[in-house]
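S.K.: Dropping a structure here in structure tokens format, bear with me for questions.
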4 protein chains.
Amino acid sequence: MIKVGIIGATGYAGAELVRILMNHKEAEIKWYGSRSYIEKPYADVYQNMFQIVEDTCLDDNMKELADQVDVIFTATPQGFCASMVTEDILKKTKIIDLSADYRIKDVHTYEAWYKIEHKSPQFLEEAVYGLCEINREKIKGARLIANPGCYPTCTTLSIYPMLKEGLIDPSTIIVDAKSGTSGAGRGAKVDNLFCEVNESIKAYGVANHRHTPEIEEQLGYAAGEPVLINFTPHLVPMNRGILITAYASLKKEATYEQVKAAYDKYYDSEKFVRVLKKDVCPQTRWVKGSNYVDVNFKLDPRTNRIIMMGAMDNLMKGAAGQAVQNMNLMFGFAEDEGLKSVPMFP
Amino acid sequence: MIKVGIIGATGYAGAELVRILMNHKEAEIKWYGSRSYIEKPYADVYQNMFQIVEDTCLDDNMKELADQVDVIFTATPQGFCASMVTEDILKKTKIIDLSADYRIKDVHTYEAWYKIEHKSPQFLEEAVYGLCEINREKIKGARLIANPGCYPTCTTLSIYPMLKEGLIDPSTIIVDAKSGTSGAGRGAKVDNLFCEVNESIKAYGVANHRHTPEIEEQLGYAAGEPVLINFTPHLVPMNRGILITAYASLKKEATYEQVKAAYDKYYDSEKFVRVLKKDVCPQTRWVKGSNYVDVNFKLDPRTNRIIMMGAMDNLMKGAAGQAVQNMNLMFGFAEDEGLKSVPMFP
Amino acid sequence: MIKVGIIGATGYAGAELVRILMNHKEAEIKWYGSRSYIEKPYADVYQNMFQIVEDTCLDDNMKELADQVDVIFTATPQGFCASMVTEDILKKTKIIDLSADYRIKDVHTYEAWYKIEHKSPQFLEEAVYGLCEINREKIKGARLIANPGCYPTCTTLSIYPMLKEGLIDPSTIIVDAKSGTSGAGRGAKVDNLFCEVNESIKAYGVANHRHTPEIEEQLGYAAGEPVLINFTPHLVPMNRGILITAYASLKKEATYEQVKAAYDKYYDSEKFVRVLKKDVCPQTRWVKGSNYVDVNFKLDPRTNRIIMMGAMDNLMKGAAGQAVQNMNLMFGFAEDEGLKSVPMFP
Amino acid sequence: MIKVGIIGATGYAGAELVRILMNHKEAEIKWYGSRSYIEKPYADVYQNMFQIVEDTCLDDNMKELADQVDVIFTATPQGFCASMVTEDILKKTKIIDLSADYRIKDVHTYEAWYKIEHKSPQFLEEAVYGLCEINREKIKGARLIANPGCYPTCTTLSIYPMLKEGLIDPSTIIVDAKSGTSGAGRGAKVDNLFCEVNESIKAYGVANHRHTPEIEEQLGYAAGEPVLINFTPHLVPMNRGILITAYASLKKEATYEQVKAAYDKYYDSEKFVRVLKKDVCPQTRWVKGSNYVDVNFKLDPRTNRIIMMGAMDNLMKGAAGQAVQNMNLMFGFAEDEGLKSVPMFP
């Protein structure tokens, strides 16, 4: 039984970590960090945890925490984790950072898109990008995990086989993404009020969303060359779920069977990536509450393009679920421990 | 490991049974009965089950099924179960009926409210009303369980201590209930289309909803005398959840502490009934996806009434969750086996 | 063409006033008061008004405003209007106050429930409670209108005929109300975020909601005696709409026809109150975007109670629509001018 | 005052026509055609119309109808209108067809995508595609209007200036569209039930949606050359609204000002097309209940692409609103008569 600390335990991603870990056989939470709710019972903030979590919220003292736990999850705003991590801390504990601080290898790119100074660029090289299906072996030995963003996880997994197999032209990739509102966090903003989000859809961050360079970096590794994409996220009036619809031109003609084989090559033995049957489109309702990513594609001979689609739960595989999957890999647990929940429908 | 058969596996309650049993350590599903989808892969009907359930839907032959499984769940329209059960079947297998067929002891009341003839009234006396917190011991030895209705479960558990302790006047009870739309089933009706339900609320079955006599019977047992109530359900634009708001006049003045003690007396050791802290109102979001019922009350000295509230997930404690809880009791498993999921929020 | 000023033009009720008045033939808005958005173009706050409203938000200087307009609407927090109104202002302009400041005749009751001091109790007697169907004649001559609360409007209109005709026992009235989320206002609070409201229902303000004394006062006038009720509002995951479900014991047996006649007596010639056909329940979807209140009832001979139901759009008849209806009466316009919009469905 | 007949008056588009025409000063409905509800009071099907529409549903006898009315709207399934129209009918009355029957000039394309035989191809040439902003003059003199599809209206208006001005490469156009559920119609299908649509998003009709050739034809006229696109619609859990996000490569570098000028050139004097301010993204909530289309764009110098966005109400400008706009043009009424409603928010 390992000991776990969570910094940022009262945001949506942090709360999802708590929910998952309640049913994890090998881990117990020792520290519910929440700057906003210090000394408040955790179950007063999240009443679903009444009579389940008895603990009280603590501050976000990573140094002290490092002495007490085997792994720290940071579900915190950009910049926080980078400002706290030290070699001393990493010698004592492992860190899984759910923020973007260590996801982008090039510090200038990070600083340009996030508009903040990176306080510990010396760990950028060491940090492992925790996209489990792709970096599994590196993750096992890591001290510091950059847990992938929600959009980058869904996008990369949906497109990866096509790039890796050289079937699409990387310069033609366009990613149109749709996310439930939990992705916007629990901050009290007018734009996220019920009446503002409900019965509407909008694009946001058009041509400048901060997940763009993260996606481009990962797709670039798959393509073996730099990749620039268009990425347009949309806000959807639902709590959970991300759907991405990606477009690219085929490099040469390909049959359904050839493309299907490419996907199967990478995902056939992956539990959490489900390549759907022919002509079945991913839908977020079929993955809600689970760690699955459902992917599929459609060829359009008229335009010589492929449409690649992926659906997942943004709080699970897109945040807390993948973070626990990373923890499982790092500590040698079964990769799906704590992540066996079947998608909940309706 | 016991063997389970489900008749009506493709309705919402049946699908919830499947979802729960996927993570049940002592039971495996051997028969997915669905008259509408015979020979169709179950996961083609419920794509959340892709790569999880490999089986194909079968017919609803209870007789054949009885030879193969240890327990049969019937999540079927009213009248079906009563028309199928025989002594021969009950000698071979246990039955947990999620329909109303065996919930009401008086066959005339059943037939008057449900407008159908009861085909096997000879089992009415034997059938045990499966409200686990109240009939736990009887359930353990039962062959035939009448799994309670969603509204009756939430209502009875919310009011029970007050009646049992003689604190309220039974003739003054009014129950105003609100349910998510999954309670209306998966039938293709215009009234249940997205655009008809979304952005609206309505009462239905006013003064004649069929759960009324079931609630009255259970409240009558608690009161020790016949009880007539007003019960008004409402349809709420959400997938899951039932909230009941019940009103009654106090028989005599009572303090918060006295009433709280009454609730604690019955629920203190119950895992699935959570009596909330003072002034905290139950909300369906805090129980979604779990087997909990959250209850609480508020005294109004101005009118000498008490307002009793209860919230639960209609598909879990209101249907499939309670059915599995009953199964656990009948087979001597831990009562919460398969039911450990923490409420999912948001 | 009269000139109109709105103080609080950027809240939901204020914005609804703007929307209605855009199509009003006899009124034009001269002042968009919004303390939070001074000097910001109104259409930057509410983009639906792009190319429709060209004005910029102004402050809430009622004194200056009184010199410029014929009528002022105050859609402001409790206490604001009472702190601003003077005899001098009332000599220059009419005021329709959408807050609760002048709704309750007894200043002690107001101060006890609202926990604020009333700054101009001298106008309480003069102020007319603007429930048009009941106080039409008084409204026509008023200088100061207390525009009714949303719940009080729907509740009073649903119950009024029964009390007025002496058909129900006032001491048995219980009102269970359900409201869409726009009723909670546009303030940035965690509790009103999309993910907190969506997929959930809860009661709030149980036994102490501030609309209770307002409802009791109005019902008391109808009954001709003081009335105490239980009133429980609930938050529903939808933008607009209020449904109330009210219960009371009949004083003596009554047939459907007798009760229907009572409702028709008061509402037959009312355009905005629709008494539905037998057994048809009011639903908020059928009144959305309009000034209608749909009412109906159901008798329950088993319990000798009547269930009275009412549905309306909380921002229209429950706030801005009724405010404009009051304005029309005060200035001698057609009562439905600007209010002819047909309910929008879906 | 002209006389209007509606065939298909009980579908969502037909009901929206009724709603609009209730407040139209120059037209009155004489015929509510609805094959499914013959002899049923219209207001029993759509209770929002209670005490507003007193008529009863009639059959869909276009021949008889032609003798009685000045214009017929057909809001019917594909193939119906084409099977009914005759020269004789067109001599007596004008027809505005909301189905796809006369939208595509090439009958083979129509038959290939719609999989039905066209019964009156002889009228294809005469029929005018009723996209008012583009074909205004032709519409004025037309007898037979092909009212544009919802997606084609929003897409064409969003992209039109760019193609017309030769600023983008037509072969690179990708349209990712999102629609509310009213677009799926009022048929009782499991897929459109509340619980199936709510809390989910999916793509559908990928690479084969029937609006594709209609869009391509219209974009082709603007480009002056044949255009092939990718078009992917998505189902969004909301009642109303369409958002399209379109991508294309710029033919040459262009500044914001140059592109803005292109949009203004075509839309500056158009009431119903609003080109938003710089960096403001169209959102469906700001156009709901109105006939507006909000459009805007964003340049991405990194990829040399432009992202074009458009939002509208699918039942208004996407169906019934545009149909009435066409009627206004055909009969010489003010183009916005009946269409002055301000977008309703929230």
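Here's how to read the names in the structure tokens: chain A, B, ... by the order shown, residue numbers from 1 in each chain, ligand numbers from 1 in the order shown.
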For the interface of chain A with chain B (cut-off 7 Å, counting only C-alpha atoms), please tabulate each contacting residue of chain A alongside its nearest pair of atoms and their separation in Å to one decimal, rows sorted by chain and increasing number, as JSON lines.
M.R.:
```
{"residue": "A:Arg19", "atom": "CA", "partner": "B:Val342", "partner_atom": "CA", "distance": 6.3}
{"residue": "A:Gln47", "atom": "CA", "partner": "B:Trp286", "partner_atom": "CA", "distance": 5.9}
{"residue": "A:Asn48", "atom": "CA", "partner": "B:Trp286", "partner_atom": "CA", "distance": 4.2}
{"residue": "A:Asn239", "atom": "CA", "partner": "B:Pro346", "partner_atom": "CA", "distance": 6.2}
{"residue": "A:Trp286", "atom": "CA", "partner": "B:Asn48", "partner_atom": "CA", "distance": 4.2}
{"residue": "A:Val287", "atom": "CA", "partner": "B:Asn48", "partner_atom": "CA", "distance": 6.0}
{"residue": "A:Val342", "atom": "CA", "partner": "B:Arg19", "partner_atom": "CA", "distance": 6.3}
{"residue": "A:Pro343", "atom": "CA", "partner": "B:Asn48", "partner_atom": "CA", "distance": 5.6}
{"residue": "A:Pro346", "atom": "CA", "partner": "B:Asn239", "partner_atom": "CA", "distance": 6.2}
```
S.K.: Please, what distance in Å, to one decimal, runs between atom CA of C:Ala43 and atom CA of D:Cys281?
M.R.: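 Atom CA of C:Ala43 sits 14.0 Å away from atom CA of D:Cys281.
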S.K.: Using only C-alpha atoms, determine which residues lie at most 12 Å from C:Val128, disregarding the query and same-chain residues fewer than 3 positions distant; provide the list as a ChimeraX atom specification.
M.R.: /C:94-97,101-105,123-125,131-132,134-148,326,330
S.K.: Counting only C-alpha atoms, what is within 8 Å of A:Asp176, bar same-chain residues fewer than 6 positions away, as number ranges by chain?
M.R.: A: 231-234, 244-246; D: 176
S.K.: Restrict the selected residues to N, CA, C and O atoms and save them as a PDB file, in the first residue's frame.
M.R.:
```pdb
ATOM      1  N   PHE A 231      -5.931  23.588 -34.552  1.00  0.00           N
ATOM      2  CA  PHE A 231      -6.636  22.933 -33.457  1.00  0.00           C
ATOM      3  C   PHE A 231      -7.698  23.891 -32.940  1.00  0.00           C
ATOM      4  O   PHE A 231      -7.385  25.010 -32.536  1.00  0.00           O
ATOM      5  N   THR A 232      -8.958  23.482 -32.986  1.00  0.00           N
ATOM      6  CA  THR A 232     -10.067  24.342 -32.549  1.00  0.00           C
ATOM      7  C   THR A 232     -10.933  23.610 -31.532  1.00  0.00           C
ATOM      8  O   THR A 232     -11.685  22.701 -31.902  1.00  0.00           O
ATOM      9  N   PRO A 233     -10.830  24.001 -30.269  1.00  0.00           N
ATOM     10  CA  PRO A 233     -11.706  23.379 -29.264  1.00  0.00           C
ATOM     11  C   PRO A 233     -13.046  24.087 -29.196  1.00  0.00           C
ATOM     12  O   PRO A 233     -13.156  25.273 -29.518  1.00  0.00           O
ATOM     13  N   HIS A 234     -14.065  23.348 -28.797  1.00  0.00           N
ATOM     14  CA  HIS A 234     -15.420  23.875 -28.636  1.00  0.00           C
ATOM     15  C   HIS A 234     -15.952  23.473 -27.263  1.00  0.00           C
ATOM     16  O   HIS A 234     -15.637  22.392 -26.773  1.00  0.00           O
ATOM     17  N   ILE A 244     -12.885  14.273 -30.460  1.00  0.00           N
ATOM     18  CA  ILE A 244     -12.112  14.992 -31.467  1.00  0.00           C
ATOM     19  C   ILE A 244     -12.441  14.414 -32.843  1.00  0.00           C
ATOM     20  O   ILE A 244     -12.661  13.223 -33.015  1.00  0.00           O
ATOM     21  N   THR A 245     -12.504  15.331 -33.791  1.00  0.00           N
ATOM     22  CA  THR A 245     -12.731  14.979 -35.191  1.00  0.00           C
ATOM     23  C   THR A 245     -11.547  15.559 -35.941  1.00  0.00           C
ATOM     24  O   THR A 245     -11.376  16.769 -35.979  1.00  0.00           O
ATOM     25  N   ALA A 246     -10.711  14.688 -36.471  1.00  0.00           N
ATOM     26  CA  ALA A 246      -9.477  15.152 -37.114  1.00  0.00           C
ATOM     27  C   ALA A 246      -9.496  14.798 -38.595  1.00  0.00           C
ATOM     28  O   ALA A 246     -10.041  13.762 -38.990  1.00  0.00           O
TER      29      ALA A 246
ATOM     30  N   ASP D 176     -16.697  21.492 -40.328  1.00  0.00           N
ATOM     31  CA  ASP D 176     -17.058  20.701 -39.152  1.00  0.00           C
ATOM     32  C   ASP D 176     -18.265  21.393 -38.506  1.00  0.00           C
ATOM     33  O   ASP D 176     -18.159  22.520 -38.030  1.00  0.00           O
TER      34      ASP D 176
END
```
S.K.: Applying 12 Å and only C-alpha atoms, which residues near A:Asn230 remain after dropping the ones on its own chain fewer than 6 positions away? List them as an MDAnalysis selection string.
M.R.: (chainID A and resid 155 170:177 205:213 215:216 245:248) or (chainID D and resid 174 245:249 298:307)
